[in-house]
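*Asks:* Contents of entry-v5.txt (compact mmCIF, C-alpha atoms) are below:
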# COMPACT_ATOMS: atom_id res chain seq x y z
CA MET H 1 89.94 2.34 76.61
CA ASP H 2 88.35 3.09 73.24
CA ALA H 3 86.12 0.70 71.30
CA THR H 4 88.89 -0.42 68.93
CA ILE H 5 91.17 -1.60 71.72
CA LEU H 6 88.27 -3.23 73.56
CA GLY H 7 87.25 -5.00 70.32
CA ALA H 8 90.81 -6.24 69.82
CA TRP H 9 90.91 -7.68 73.35
CA VAL H 10 87.55 -9.39 72.88
CA ALA H 11 88.73 -10.85 69.54
CA THR H 12 91.99 -12.03 71.10
CA GLY H 13 90.21 -13.61 74.05
CA LEU H 14 87.67 -15.40 71.86
CA THR H 15 90.44 -16.65 69.54
CA LEU H 16 92.29 -18.13 72.51
CA LEU H 17 89.07 -19.75 73.72
CA ILE H 18 88.63 -21.39 70.30
CA PHE H 19 92.26 -22.59 70.31
CA SER H 20 91.75 -24.08 73.78
CA PHE H 21 89.97 -26.96 72.00
CA LEU H 22 93.38 -28.13 70.79
CA TYR H 23 94.17 -29.01 74.41
CA LYS H 24 90.78 -30.58 75.08
CA ASP H 25 87.08 -29.86 74.77
CA ASN H 26 85.97 -27.44 77.50
CA PRO H 27 83.07 -25.11 78.41
CA LEU H 28 84.97 -21.95 77.40
CA PHE H 29 85.45 -23.36 73.90
CA LYS H 30 81.74 -24.18 73.77
CA LEU H 31 80.94 -20.59 74.80
CA ALA H 32 83.12 -19.12 72.02
CA GLU H 33 81.78 -21.62 69.47
CA HIS H 34 78.14 -20.84 70.24
CA LEU H 35 78.85 -17.13 70.29
CA TYR H 36 80.52 -17.34 66.86
CA VAL H 37 77.64 -19.25 65.29
CA GLY H 38 75.03 -17.03 66.96
CA VAL H 39 76.68 -13.77 65.93
CA SER H 40 77.20 -14.99 62.34
CA VAL H 41 73.60 -16.11 61.92
CA GLY H 42 72.23 -13.03 63.70
CA TYR H 43 74.28 -10.69 61.53
CA THR H 44 73.22 -12.50 58.36
CA ILE H 45 69.52 -12.38 59.28
CA VAL H 46 69.59 -8.68 60.20
CA LYS H 47 71.59 -7.75 57.08
CA ALA H 48 69.37 -9.81 54.79
CA TYR H 49 66.22 -8.31 56.35
CA ASP H 50 67.52 -4.74 56.04
CA THR H 51 68.83 -5.14 52.48
CA VAL H 52 66.11 -7.31 50.98
CA ILE H 53 62.89 -6.60 52.86
CA VAL H 54 63.47 -2.93 53.74
CA HIS H 55 65.62 -1.54 50.89
CA LEU H 56 64.61 -3.74 47.94
CA VAL H 57 60.93 -4.33 48.72
CA ILE H 58 59.25 -1.99 51.20
CA LYS H 59 61.00 1.28 50.30
CA PRO H 60 60.60 0.98 46.48
CA ILE H 61 56.92 0.04 46.88
CA ILE H 62 56.09 2.82 49.34
CA GLU H 63 58.37 5.58 48.00
CA ASN H 64 58.31 4.84 44.24
CA GLY H 65 55.09 2.87 43.84
CA GLU H 66 56.89 -0.11 42.24
CA PHE H 67 54.00 -2.52 42.81
CA ALA H 68 55.42 -5.03 40.32
CA LEU H 69 57.76 -6.08 43.12
CA LEU H 70 54.78 -7.75 44.78
CA ILE H 71 55.03 -10.55 42.18
CA PRO H 72 58.45 -11.88 43.32
CA VAL H 73 57.35 -11.30 46.92
CA ALA H 74 54.28 -13.49 46.30
CA ILE H 75 56.40 -16.21 44.67
CA GLY H 76 58.75 -16.08 47.66
CA MET H 77 55.83 -16.28 50.09
CA LEU H 78 54.60 -19.44 48.34
CA MET H 79 57.71 -21.19 49.65
CA LEU H 80 56.49 -20.70 53.19
CA THR H 81 53.39 -22.77 52.43
CA ARG H 82 55.57 -25.86 53.00
CA TYR H 83 54.91 -25.34 56.68
CA VAL H 84 51.14 -25.73 56.14
CA PRO H 85 50.57 -29.36 55.05
CA LYS H 86 47.29 -28.67 53.23
CA ALA H 87 48.79 -25.83 51.19
CA ALA H 88 52.26 -27.33 50.76
CA TRP H 89 51.60 -28.11 47.07
CA MET H 90 51.67 -24.38 46.32
CA SER H 91 55.36 -24.21 47.20
CA ARG H 92 56.08 -26.36 44.13
CA TYR H 93 55.26 -23.41 41.88
CA ALA H 94 57.89 -21.30 43.63
CA PHE H 95 60.47 -24.07 43.47
CA ALA H 96 59.65 -24.79 39.83
CA PHE H 97 60.20 -21.12 39.01
CA ILE H 98 63.52 -20.97 40.88
CA VAL H 99 64.85 -24.26 39.50
CA GLY H 100 63.79 -23.35 35.97
CA MET H 101 65.28 -19.89 36.13
CA GLY H 102 68.48 -21.18 37.79
CA ALA H 103 68.96 -23.92 35.20
CA GLY H 104 68.19 -21.54 32.35
CA LEU H 105 70.81 -19.10 33.58
CA ALA H 106 73.47 -21.60 34.60
CA ILE H 107 73.49 -24.35 31.95
CA PRO H 108 74.30 -22.30 28.81
CA ARG H 109 76.83 -20.12 30.61
CA THR H 110 78.56 -23.10 32.21
CA ILE H 111 78.80 -24.93 28.86
CA SER H 112 80.22 -21.82 27.24
CA SER H 113 82.74 -21.12 30.03
CA PHE H 114 83.91 -24.53 31.14
CA ILE H 115 83.51 -26.66 28.02
CA LEU H 116 83.74 -24.53 24.87
CA LYS H 117 86.39 -22.09 26.14
CA GLN H 118 88.48 -24.93 27.56
CA ILE H 119 88.20 -26.91 24.31
CA GLU H 120 89.22 -23.78 22.42
CA ASP H 121 92.34 -23.49 24.55
CA THR H 122 93.08 -27.21 24.26
CA VAL H 123 92.94 -27.36 20.47
CA ARG H 124 94.67 -24.01 19.93
CA PRO H 125 98.19 -25.47 19.83
CA VAL H 126 97.06 -28.27 17.48
CA LEU H 127 95.49 -25.84 15.04
CA SER H 128 98.11 -23.13 15.38
CA LEU H 129 98.70 -23.42 11.62
CA ALA H 130 95.21 -22.04 11.05
CA GLY H 131 96.47 -18.47 11.22
CA PRO H 132 97.39 -15.71 13.61
CA ASP H 133 93.88 -15.45 15.01
CA GLY H 134 93.69 -19.15 15.88
CA VAL H 135 90.35 -20.84 16.40
CA THR H 136 87.20 -19.49 17.97
CA PHE H 137 84.40 -21.64 19.36
CA SER H 138 81.04 -20.34 20.37
CA MET H 139 77.64 -21.94 20.80
CA ASN H 140 76.42 -20.82 17.40
CA ARG H 141 79.59 -20.62 15.37
CA LEU H 142 82.74 -22.63 14.79
CA SER H 143 85.21 -21.00 12.51
CA ILE H 144 88.84 -21.47 11.65
CA ALA H 145 90.21 -18.01 11.21
CA GLY H 146 92.92 -17.57 8.65
CA LEU H 147 91.80 -20.39 6.35
CA GLY H 148 88.90 -18.38 5.07
CA LYS H 149 86.54 -21.24 5.92
CA GLY H 150 83.82 -21.43 8.49
CA TRP H 151 81.07 -23.74 9.49
CA HIS H 152 77.95 -22.01 10.66
CA GLU H 153 75.27 -23.72 12.64
CA PRO H 154 71.94 -21.97 13.00
CA ALA H 155 71.65 -22.94 16.67
CA SER H 156 70.56 -20.34 19.17
CA SER H 157 73.27 -18.23 20.68
CA PHE H 158 74.00 -18.48 24.37
CA SER H 159 76.19 -15.43 24.47
CA MET K 1 108.32 -49.67 74.05
CA SER K 2 110.85 -48.61 71.43
CA LEU K 3 111.52 -45.00 70.42
CA ALA K 4 109.65 -45.53 67.14
CA GLU K 5 106.58 -46.86 68.94
CA ARG K 6 106.63 -43.99 71.42
CA MET K 7 106.98 -41.43 68.63
CA LEU K 8 104.09 -42.91 66.66
CA LYS K 9 101.89 -42.68 69.75
CA ILE K 10 102.99 -39.15 70.60
CA ASP K 11 100.35 -36.93 72.20
CA ARG K 12 98.78 -34.88 69.41
CA ARG K 13 98.95 -31.79 71.65
CA ILE K 14 102.74 -31.81 71.33
CA ILE K 15 102.32 -31.54 67.55
CA PHE K 16 99.86 -28.65 68.04
CA LEU K 17 102.44 -26.98 70.29
CA VAL K 18 105.19 -27.39 67.65
CA ILE K 19 102.92 -25.92 64.95
CA GLY K 20 101.98 -23.07 67.32
CA LEU K 21 105.63 -22.26 67.98
CA CYS K 22 106.46 -22.47 64.27
CA THR K 23 103.75 -19.86 63.66
CA LEU K 24 104.50 -17.60 66.60
CA LEU K 25 108.30 -17.42 66.56
CA PRO K 26 108.71 -16.23 62.93
CA LEU K 27 106.04 -13.58 63.58
CA LEU K 28 108.00 -12.31 66.61
CA TYR K 29 111.42 -12.71 64.95
CA PRO K 30 110.96 -12.37 61.15
CA VAL K 31 113.57 -14.10 59.00
CA GLY K 32 112.70 -12.27 55.79
CA LEU K 33 112.68 -15.19 53.35
CA PRO K 34 112.95 -14.06 49.72
CA ILE K 35 109.67 -13.80 47.79
CA ARG K 36 109.79 -14.66 44.08
CA ILE K 37 107.12 -12.98 41.97
CA SER K 38 105.03 -15.44 39.98
CA SER K 39 103.63 -14.69 36.52
CA GLU K 40 100.05 -15.16 37.81
CA VAL K 41 100.34 -12.33 40.35
CA ARG K 42 102.30 -10.18 37.92
CA GLY K 43 99.39 -10.54 35.49
CA VAL K 44 97.07 -8.68 37.88
CA TYR K 45 99.73 -6.11 38.79
CA ASP K 46 100.70 -5.37 35.18
CA HIS K 47 97.08 -4.89 34.16
CA MET K 48 96.48 -2.50 37.05
CA GLU K 49 99.62 -0.60 36.05
CA SER K 50 98.42 -0.32 32.45
CA LEU K 51 95.14 1.38 33.42
CA PRO K 52 94.94 5.13 32.82
CA GLU K 53 94.05 7.48 35.70
CA ARG K 54 90.37 7.62 36.73
CA SER K 55 89.62 4.26 35.08
CA VAL K 56 86.92 2.29 36.82
CA PHE K 57 88.21 -0.56 38.97
CA LEU K 58 85.63 -2.93 40.46
CA LEU K 59 86.67 -5.00 43.47
CA SER K 60 84.33 -7.72 44.66
CA ILE K 61 85.21 -8.77 48.19
CA ASP K 62 83.64 -12.22 48.12
CA PHE K 63 84.76 -13.62 51.44
CA ASP K 64 83.89 -13.41 55.11
CA PRO K 65 85.99 -13.21 58.28
CA ALA K 66 86.71 -16.97 58.14
CA SER K 67 89.06 -16.37 55.16
CA LYS K 68 90.37 -13.04 56.42
CA PRO K 69 93.99 -14.14 57.10
CA GLU K 70 94.59 -14.98 53.44
CA LEU K 71 92.31 -12.64 51.52
CA HIS K 72 92.34 -9.49 53.64
CA PRO K 73 96.02 -8.72 52.81
CA GLN K 74 95.23 -9.26 49.11
CA ALA K 75 92.38 -6.75 49.28
CA ILE K 76 94.51 -4.19 51.12
CA ALA K 77 97.36 -4.49 48.60
CA LEU K 78 95.00 -4.21 45.62
CA LEU K 79 93.20 -1.19 47.08
CA ARG K 80 96.46 0.57 47.89
CA HIS K 81 97.62 -0.01 44.32
CA ALA K 82 94.33 1.20 42.85
CA PHE K 83 94.23 4.34 45.00
CA ARG K 84 97.88 5.08 44.27
CA LYS K 85 97.12 4.82 40.54
CA ASP K 86 94.20 7.24 41.13
CA LEU K 87 91.65 4.77 39.79
CA ARG K 88 87.97 5.13 40.58
CA VAL K 89 87.32 2.25 42.96
CA ILE K 90 83.94 0.57 43.25
CA ALA K 91 83.86 -2.08 45.96
CA MET K 92 81.10 -4.56 46.71
CA THR K 93 80.52 -8.04 48.09
CA LEU K 94 78.43 -11.06 47.16
CA TRP K 95 78.80 -12.54 50.66
CA VAL K 96 76.34 -11.16 53.19
CA SER K 97 78.46 -12.31 56.14
CA GLY K 98 81.43 -10.29 54.84
CA THR K 99 79.62 -6.98 54.37
CA GLY K 100 80.76 -5.25 57.57
CA MET K 101 84.33 -6.47 57.18
CA ALA K 102 84.45 -5.32 53.54
CA GLU K 103 83.15 -1.85 54.42
CA GLN K 104 85.71 -1.50 57.21
CA LEU K 105 88.49 -2.65 54.90
CA VAL K 106 87.67 -0.25 52.08
CA THR K 107 87.17 2.71 54.43
CA GLN K 108 90.43 2.01 56.26
CA VAL K 109 92.57 1.89 53.09
CA ALA K 110 90.80 4.88 51.53
CA LYS K 111 91.41 6.93 54.68
CA GLU K 112 95.07 5.89 54.71
CA MET K 113 95.43 6.98 51.07
CA GLY K 114 93.52 10.23 51.59
CA LYS K 115 90.63 9.38 49.26
CA GLU K 116 87.17 10.92 49.37
CA TYR K 117 83.99 8.82 49.50
CA GLY K 118 81.72 9.28 46.52
CA LYS K 119 84.36 11.07 44.43
CA ASP K 120 87.24 8.56 44.47
CA TYR K 121 85.56 5.42 45.72
CA ALA K 122 82.27 3.86 46.71
CA PHE K 123 81.18 0.81 48.61
CA LEU K 124 77.98 -0.64 47.21
CA GLY K 125 77.54 -3.25 49.93
CA TRP K 126 75.74 -6.55 49.40
CA SER K 127 72.84 -7.44 47.18
CA PRO K 128 71.06 -10.81 47.29
CA GLY K 129 71.15 -13.33 44.46
CA GLY K 130 74.78 -14.31 43.86
CA GLN K 131 75.13 -14.89 40.11
CA ALA K 132 71.83 -13.10 39.46
CA VAL K 133 73.44 -9.92 40.88
CA ILE K 134 76.31 -10.26 38.39
CA ILE K 135 73.90 -10.62 35.48
CA ASN K 136 71.86 -7.71 36.80
CA MET K 137 74.99 -5.55 37.06
CA GLY K 138 75.84 -6.48 33.48
CA GLN K 139 72.51 -5.08 32.36
CA ASP K 140 72.12 -2.14 34.74
CA LEU K 141 74.38 -1.49 37.72
CA TYR K 142 71.85 0.87 39.30
CA SER K 143 69.18 -1.79 39.24
CA ALA K 144 71.41 -4.25 41.10
CA PHE K 145 72.49 -1.58 43.59
CA PRO K 146 69.91 1.23 43.75
CA SER K 147 71.69 2.55 46.85
CA ASP K 148 75.15 2.16 48.35
CA TYR K 149 76.03 0.66 51.73
CA GLY K 150 75.11 3.88 53.52
CA GLY K 151 71.77 4.16 51.73
CA LYS K 152 72.76 6.97 49.31
CA PRO K 153 71.30 6.59 45.79
CA THR K 154 74.08 5.21 43.56
CA LYS K 155 72.98 7.45 40.66
CA ASP K 156 74.09 10.47 42.70
CA LEU K 157 77.65 9.21 43.24
CA PRO K 158 80.20 11.15 41.10
CA VAL K 159 82.57 8.14 41.17
CA LEU K 160 80.05 6.26 39.01
CA ASP K 161 79.85 8.95 36.30
CA GLY K 162 79.68 7.25 32.91
CA VAL K 163 79.24 3.80 34.41
CA ARG K 164 76.01 2.10 33.37
CA ASN K 165 76.91 -1.58 33.60
CA LEU K 166 79.82 -4.03 33.74
CA LYS K 167 80.89 -3.15 30.19
CA ASP K 168 82.02 0.26 31.49
CA VAL K 169 84.38 -1.30 34.03
CA ALA K 170 88.05 -1.16 32.99
CA TYR K 171 89.16 -3.93 35.29
CA MET K 172 87.45 -6.18 37.77
CA VAL K 173 89.00 -8.38 40.46
CA SER K 174 87.06 -10.86 42.54
CA LEU K 175 88.66 -12.00 45.78
CA GLY K 176 86.73 -15.17 46.43
CA ALA K 177 86.79 -17.76 49.19
CA GLY K 178 84.18 -20.01 47.58
CA ARG K 179 80.89 -19.56 45.80
CA PRO K 180 79.92 -17.06 44.56
CA GLY K 181 83.46 -16.01 43.69
CA VAL K 182 85.93 -15.86 40.83
CA GLU K 183 84.26 -18.62 38.77
CA GLU K 184 80.84 -16.97 38.96
CA TRP K 185 82.32 -13.62 37.96
CA TYR K 186 83.79 -15.29 34.88
CA VAL K 187 80.78 -17.44 33.96
CA PHE K 188 78.04 -14.85 34.48
CA GLY K 189 80.15 -11.70 34.10
CA LYS K 190 83.15 -11.64 31.84
CA ASP K 191 82.01 -14.39 29.47
CA LYS K 192 78.78 -12.52 28.85
CA TYR K 193 79.67 -8.85 29.20
CA LYS K 194 83.34 -8.90 28.05
CA PHE K 195 85.42 -6.99 30.57
CA GLU K 196 88.90 -7.75 31.91
CA LEU K 197 88.85 -10.02 34.94
CA GLY K 198 91.48 -10.98 37.50
CA GLY K 199 91.10 -13.20 40.52
CA GLY K 200 92.26 -13.73 44.06
CA CYS K 201 91.51 -16.76 46.18
CA THR K 202 92.57 -18.85 49.15
CA GLY K 203 95.58 -21.14 48.73
CA VAL K 204 93.54 -24.34 48.52
CA MET K 205 91.28 -22.89 45.81
CA ALA K 206 94.08 -21.72 43.51
CA PRO K 207 94.76 -25.07 41.71
CA GLY K 208 91.08 -25.22 40.73
CA LEU K 209 91.30 -21.83 39.03
CA TYR K 210 94.45 -22.52 37.02
CA PRO K 211 92.47 -23.86 34.01
CA LEU K 212 90.80 -20.41 33.74
CA LEU K 213 94.18 -18.72 34.01
CA ARG K 214 95.97 -20.90 31.45
CA SER K 215 93.22 -20.41 28.87
CA GLY K 216 93.30 -16.63 29.37
CA GLN K 217 89.78 -16.54 30.80
CA ILE K 218 91.22 -14.58 33.72
CA ASN K 219 94.34 -12.51 33.22
CA GLY K 220 95.94 -13.08 36.63
CA LEU K 221 95.49 -14.89 39.91
CA ILE K 222 96.57 -13.99 43.43
CA GLY K 223 96.67 -17.26 45.34
CA GLY K 224 96.54 -17.30 49.15
CA LEU K 225 98.87 -15.55 51.53
CA ARG K 226 101.78 -16.22 49.18
CA GLY K 227 100.04 -14.31 46.38
CA ALA K 228 99.26 -11.45 48.75
CA ALA K 229 102.92 -11.29 49.82
CA GLU K 230 104.00 -11.16 46.17
CA TYR K 231 101.56 -8.32 45.49
CA GLU K 232 102.77 -6.42 48.56
CA SER K 233 106.34 -6.81 47.28
CA LEU K 234 105.33 -5.57 43.82
CA ILE K 235 103.73 -2.39 45.14
CA GLY K 236 106.62 -1.89 47.57
CA GLN K 237 104.40 -1.75 50.66
CA LYS K 238 105.15 -4.82 52.74
CA GLY K 239 102.40 -5.68 55.18
CA LYS K 240 100.77 -8.58 57.00
CA ALA K 241 101.19 -11.03 54.11
CA VAL K 242 104.99 -10.64 53.90
CA ALA K 243 105.16 -10.90 57.70
CA GLY K 244 103.00 -14.02 57.63
CA MET K 245 105.03 -15.77 54.92
CA ASP K 246 107.86 -16.66 57.32
CA ALA K 247 105.33 -18.24 59.70
CA GLN K 248 103.60 -20.09 56.87
CA SER K 249 106.91 -21.39 55.47
CA ALA K 250 108.06 -22.53 58.95
CA THR K 251 104.74 -24.31 59.52
CA HIS K 252 104.89 -26.02 56.12
CA LEU K 253 108.46 -27.11 56.86
CA ALA K 254 107.42 -28.48 60.27
CA ILE K 255 104.59 -30.48 58.68
CA ILE K 256 106.91 -31.91 55.99
CA VAL K 257 109.47 -32.90 58.65
CA LEU K 258 106.73 -34.52 60.77
CA VAL K 259 105.43 -36.49 57.76
CA ILE K 260 108.96 -37.73 56.94
CA ILE K 261 109.73 -38.66 60.58
CA CYS K 262 106.39 -40.44 60.92
CA ASN K 263 107.05 -42.50 57.77
CA VAL K 264 110.59 -43.36 58.88
CA PHE K 265 109.34 -44.63 62.26
CA TYR K 266 106.47 -46.51 60.64
CA LEU K 267 108.80 -48.26 58.18
CA SER K 268 111.32 -49.08 60.90
CA LEU K 269 108.53 -50.70 62.96
CA GLN K 270 107.41 -52.72 59.93
CA ARG K 271 110.98 -53.88 59.34
CA ALA K 272 111.41 -54.85 63.01
CA ALA K 273 108.16 -56.85 62.93
CA ARG K 274 109.26 -58.64 59.73
CA THR K 275 112.64 -59.50 61.27
CA GLN K 276 110.95 -60.87 64.38
CA ARG K 277 108.65 -63.05 62.24
CA GLN K 278 111.65 -64.45 60.34
CA ILE K 279 113.46 -65.24 63.64
CA GLY K 280 110.32 -66.81 65.13
As structure tokens, please, write out the structure in this file.

*Replies:*
Amino acid sequence: MDATILGAWVATGLTLLIFSFLYKDNPLFKLAEHLYVGVSVGYTIVKAYDTVIVHLVIKPIIENGEFALLIPVAIGMLMLTRYVPKAAWMSRYAFAFIVGMGAGLAIPRTISSFILKQIEDTVRPVLSLAGPDGVTFSMNRLSIAGLGKGWHEPASSFS
Amino acid sequence: MSLAERMLKIDRRIIFLVIGLCTLLPLLYPVGLPIRISSEVRGVYDHMESLPERSVFLLSIDFDPASKPELHPQAIALLRHAFRKDLRVIAMTLWVSGTGMAEQLVTQVAKEMGKEYGKDYAFLGWSPGGQAVIINMGQDLYSAFPSDYGGKPTKDLPVLDGVRNLKDVAYMVSLGAGRPGVEEWYVFGKDKYKFELGGGCTGVMAPGLYPLLRSGQINGLIGGLRGAAEYESLIGQKGKAVAGMDAQSATHLAIIVLVIICNVFYLSLQRAARTQRQIG
């Protein structure tokens, strides 16, 4: 029996064990459930360690001398200070950096994608007389193509 | 106890058994219900058809084994189409738990279509960061993925010749089962770096992506098993999705019938109680 067939039988057996919950809760279901969670978490930890720690941190530093990578590593390590009560305040710097960077990346892009583009599509039928090119909205420019008019706002561009 | 009362207190395991049979029997004895092609799925297919040979097609397999029944057939159909069109396929994933499955999927279809790794396709694997990876790829693909899944430097892969970032991708499809997925690829990818984007998602996610489709932010959407079955029909290679559609339709029908029966019995009990109150 080769590995593929063995794997298929194991998958089939575990699937049936999971479905056995539909009859009633039982130890075999618990076994399959714990195995599923354990394998998923184990796989994720190993994959994340190999990809992030080994391939994106250790190898570039050792093989290419990219010591600048130590800065994000240090910021990441600050998060672990939460487990040391006296040094827990240091983790705020890491969280502040992550929240600030996340908000800076997400807010302008979300406004552009889910508000401006949707408004553009909503008003397009109403302003269809404006010309063949219709209307274009962006964070720094609102223009009605075809009428030869445009209103320009000197706000910063998010695109 | 009347029939209505007995039916409303029916053992839930009987319902599970009915649903199980409705799934199993059509799989064993397919009916072959007709599959109508929707404009959303045709949007993806038509764009793939319009691409010239050796164009770069990026497929992001953003799901894990939990969503495999719906999204795996979509990925297989898309890959078969891309390889048949002789496109250069770059596959990747933003979901760490789906990495092994994605690699297996890409390798299996490439082998079936007789494609060579590195020359015709590549699997970049997973990189941490979600939306940050998309932005990074938009600036420099080799910075986001310095090496592929097997550890080979991506700069040495002939399939990536002339590809520096997302702007050099002719078409990109994200098959997403959540976040990061199609929305993130639009928000942090297409909206910023201007490339053509299509999407694929689970059935329950599809209604949430229709606003993007209607406004032209994505040019097509493959929704759930139904979408996969449509795509399989379009490429003329019927697979697991077409086979599963009979089972899905039978199950949906069983649920609709159960809901109707349940309401009929509930209303009849209400009416009987009202009549008894009037008599009393």

*Asks:* Kindly provide, as an MDAnalysis selection string, the residues of chain K having any atom no farther than 7 Å from an atom of chain H, counting all atoms listed in the file.

*Replies:* chainID K and resid 13 96:97 187:188 191:192 215

*Asks:* Tell me which of K:Gly130, K:Pro52, K:Pro211, K:Gly100 sits closest to Trp185 of chain K, counting only C-alpha atoms.

*Replies:*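 With only C-alpha atoms as the atom set, the closest residue is K:Gly130.
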
*Asks:* Could you please determine the separation between atom CA of Thr93 of chain K and atom CA of Gly125 of chain K in Å, to one decimal place?

*Replies:*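 We find that atom CA of Thr93 of chain K and atom CA of Gly125 of chain K lie 5.9 Å from each other.
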
*Asks:* By how many Å are atom CA of Gln131 of chain K and atom CA of Gly189 of chain K apart?

*Replies:*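 Distance reported for this atom pair: 8.5 Å.
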
*Asks:* Which neighbours of segment 26-32 of chain H fall inside 6 Å, counting all atoms listed in the file, when residues of the same chain fewer than 2 positions from it are skipped, and could you give them as a short mmCIF file (atom, residue, chain, number, x, y, z; two decimals) with C-alpha atoms, in the frame of the given file?

*Replies:*
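Now in out_35.cif:
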data_model
loop_
_atom_site.label_atom_id
_atom_site.label_comp_id
_atom_site.auth_asym_id
_atom_site.auth_seq_id
_atom_site.Cartn_x
_atom_site.Cartn_y
_atom_site.Cartn_z
CA LEU H 14 87.67 -15.40 71.86
CA LEU H 17 89.07 -19.75 73.72
CA ILE H 18 88.63 -21.39 70.30
CA HIS H 34 78.14 -20.84 70.24
CA LEU H 35 78.85 -17.13 70.29
#

*Asks:* What is the atom CA of Ala206 of chain K to atom CA of Ala102 of chain K distance in Å?

*Replies:*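 Atom-to-atom, atom CA of Ala206 of chain K to atom CA of Ala102 of chain K, that is 21.5 Å.
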
*Asks:* Counting only C-alpha atoms, which residue out of K:Lys68, K:Arg84, K:Arg36, K:Arg6 sits closest to Glu49 of chain K?

*Replies:*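 Of K:Lys68, K:Arg84, K:Arg36, K:Arg6, the one nearest Glu49 of chain K, counting only C-alpha atoms, is K:Arg84.
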
*Asks:* Nearest to Gln139 of chain K: which of K:Glu40, K:Thr99, K:Gly151, K:Asp168 is it, counting all atoms listed in the file?

*Replies:* K:Asp168

*Asks:* Neighbouring residues of Ala91 of chain K were defined as those with any atom within 8 Å, considering all atoms listed in the file; residues of the same chain fewer than 6 positions away were excluded. Please report them as a list of chain:residue names.

*Replies:* K:Leu58, K:Leu59, K:Ser60, K:Ile61, K:Val106, K:Tyr121, K:Ala122, K:Phe123, K:Leu124, K:Gly125

*Asks:* Residues at most 9 Å from Phe145 of chain K, counting only C-alpha atoms, excluding those fewer than 4 positions away in the same chain, as an MDAnalysis selection string?

*Replies:* chainID K and resid 124:127 133 137 140:141 153:154

*Asks:* Name the residues in contact with Leu27 of chain K at a cut-off of 10 Å, using all atoms listed in the file, excluding same-chain residues fewer than 5 positions from it; report them as number ranges by chain.

*Replies:* K: 21-22, 240, 243-248

*Asks:* Would you mind exporting the chosen residues as a short mmCIF file (atom, residue, chain, number, x, y, z; two decimals), in the frame of the given file, restricted to C-alpha atoms?

*Replies:*
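Listing of again.cif after writing:
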data_model
loop_
_atom_site.label_atom_id
_atom_site.label_comp_id
_atom_site.auth_asym_id
_atom_site.auth_seq_id
_atom_site.Cartn_x
_atom_site.Cartn_y
_atom_site.Cartn_z
CA LEU K 21 105.63 -22.26 67.98
CA CYS K 22 106.46 -22.47 64.27
CA LYS K 240 100.77 -8.58 57.00
CA ALA K 243 105.16 -10.90 57.70
CA GLY K 244 103.00 -14.02 57.63
CA MET K 245 105.03 -15.77 54.92
CA ASP K 246 107.86 -16.66 57.32
CA ALA K 247 105.33 -18.24 59.70
CA GLN K 248 103.60 -20.09 56.87
#

*Asks:* For a quick check of understanding, using all atoms listed in the file, which of K:Val89, K:Leu213, K:Ile256, K:Val56 has the smallest distance to Leu166 of chain K?

*Replies:* K:Val56

*Asks:* Determine, counting all atoms listed in the file, which protein, DNA and RNA residues have an atom within 12 Å of an atom of Tyr117 of chain K; residues of the same chain fewer than 6 positions away are not included. Present the result as a compact mmCIF listing (two decimals) with C-alpha atoms, in the coordinates of the input.

*Replies:*
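What ended up in around.txt:
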# COMPACT_ATOMS: atom_id res chain seq x y z
CA ARG K 88 87.97 5.13 40.58
CA VAL K 89 87.32 2.25 42.96
CA ILE K 90 83.94 0.57 43.25
CA ALA K 91 83.86 -2.08 45.96
CA GLU K 103 83.15 -1.85 54.42
CA VAL K 106 87.67 -0.25 52.08
CA THR K 107 87.17 2.71 54.43
CA GLN K 108 90.43 2.01 56.26
CA VAL K 109 92.57 1.89 53.09
CA ALA K 110 90.80 4.88 51.53
CA LYS K 111 91.41 6.93 54.68
CA PHE K 123 81.18 0.81 48.61
CA LEU K 124 77.98 -0.64 47.21
CA ASP K 148 75.15 2.16 48.35
CA TYR K 149 76.03 0.66 51.73
CA GLY K 150 75.11 3.88 53.52
CA LYS K 152 72.76 6.97 49.31
CA LEU K 157 77.65 9.21 43.24
CA PRO K 158 80.20 11.15 41.10
CA VAL K 159 82.57 8.14 41.17
CA LEU K 160 80.05 6.26 39.01

*Asks:* For each of H:Tyr93, H:Tyr83, H:Tyr36, H:Phe67, take the minimum atom-to-atom distance to Ala11 of chain H, counting all atoms listed in the file, then give the residue where this is smallest.

*Replies:*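 Among the listed residues, the smallest separation from Ala11 of chain H belongs to H:Tyr36.
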
*Asks:* Would you list the residues near (93.8, -13.9, 51.3), meaning any protein, DNA or RNA residue with an atom at most 8 Å from that point in file coordinates, counting all atoms listed in the file, as a list in words?

*Replies:* Ser67, Lys68, Pro69, Glu70, Leu71, His72, Pro73, Gln74, Ala75, Leu175, Gly200, Cys201, Thr202, Gly203, Gly223, Gly224, Leu225, Gly227 and Ala228 of chain K

*Asks:* Got time to write the residues from that selection, C-alpha atoms, as a short mmCIF file (atom, residue, chain, number, x, y, z; two decimals), in the coordinates of the input?

*Replies:*
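Listed below is the output, out26.cif:
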data_model
loop_
_atom_site.label_atom_id
_atom_site.label_comp_id
_atom_site.auth_asym_id
_atom_site.auth_seq_id
_atom_site.Cartn_x
_atom_site.Cartn_y
_atom_site.Cartn_z
CA SER K 67 89.06 -16.37 55.16
CA LYS K 68 90.37 -13.04 56.42
CA PRO K 69 93.99 -14.14 57.10
CA GLU K 70 94.59 -14.98 53.44
CA LEU K 71 92.31 -12.64 51.52
CA HIS K 72 92.34 -9.49 53.64
CA PRO K 73 96.02 -8.72 52.81
CA GLN K 74 95.23 -9.26 49.11
CA ALA K 75 92.38 -6.75 49.28
CA LEU K 175 88.66 -12.00 45.78
CA GLY K 200 92.26 -13.73 44.06
CA CYS K 201 91.51 -16.76 46.18
CA THR K 202 92.57 -18.85 49.15
CA GLY K 203 95.58 -21.14 48.73
CA GLY K 223 96.67 -17.26 45.34
CA GLY K 224 96.54 -17.30 49.15
CA LEU K 225 98.87 -15.55 51.53
CA GLY K 227 100.04 -14.31 46.38
CA ALA K 228 99.26 -11.45 48.75
#
